[in-house]
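Step one of this worksheet: look at the structure below.
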Amino acid sequence: LQHLRAVAAWRESLAVEKNVPVQRIMRDELVLQVAAMKPESEEDLREVRGIHHQVSRDNMAELLEVIMRARLAPKEEWPKAPPRPQGLN
């Protein structure tokens, strides 16, 4: 969840800065893929299908920095997963 929160916050911040909808910065599917992948390099990030159409090289470097900060954040700062509803297995 920490990586997802970080990528989503980065996208939101960039969208506000550029005054565009968040989907113009990065589609939801890409946010989820990037957060799940936790890339460590630009090459890793380019493996996400379609990312090069939405994220510029400069923004890729910035996104990698955001992901690295999320990875290094103390676990106490990580968001907690919501409890599972009763009766679901």
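The way I read the labels, and the way they are meant: chains A, B, ... in the order of the structure tokens, residue 1 as the first residue of every chain, and ligand 1 as the first ligand shown, with later ones counted on from there.
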Discussion item. As a PyMOL selection string, please: every residue in chain A that a backbone DSSP assignment puts in alpha helix (DSSP H).
Written reply: chain A and resi 2-18+22-25+28-37+42-46+51-54+57-72
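Ranking A:Leu63, A:Val7, A:Ala70, A:Leu14 by their shortest atom-to-atom distance to A:Ala35, with only C-alpha atoms included, puts A:Val7 first.
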Fill in: A:Ala81 surroundings by only C-alpha atoms, 12 Å radius, close-in-sequence under 6 positions cut, as a PyMOL selection string
chain A and resi 1-2+4-5
Worksheet item: Distance atom CA of A:Leu30-atom CA of A:Glu76, one decimal place?
Response: 26.4 Å
Discussion item. Would you pick out the contacts of A:Val22 at 12 Å or less, using only C-alpha atoms, so that residues sharing its chain but fewer than 5 positions from it are not included, and give the list as a list of chain:residue names?
Written reply: A:Val7, A:Ala8, A:Ala9, A:Trp10, A:Arg11, A:Glu12, A:Ser13, A:Leu14, A:Ala15, A:Val16, A:Glu17, A:Arg27, A:Asp28, A:Leu30, A:Val31, A:Gln54
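Atom CA of A:Ser41 lies 15.2 Å from atom CA of A:Leu72.
Compared by their closest atoms to A:Ala6, and using only C-alpha atoms, the residues A:Val34, A:Lys75, A:Val20, A:Pro83 rank with A:Val34 nearest.
Closest to A:Pro39 among A:Arg84, A:Ala73, A:Ile51, A:Leu64 is A:Leu64, based on only C-alpha atoms.
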Worksheet item: Separation of atom CA of A:Pro85 and atom CA of A:Ile67, in Å?
Response: 29.8 Å
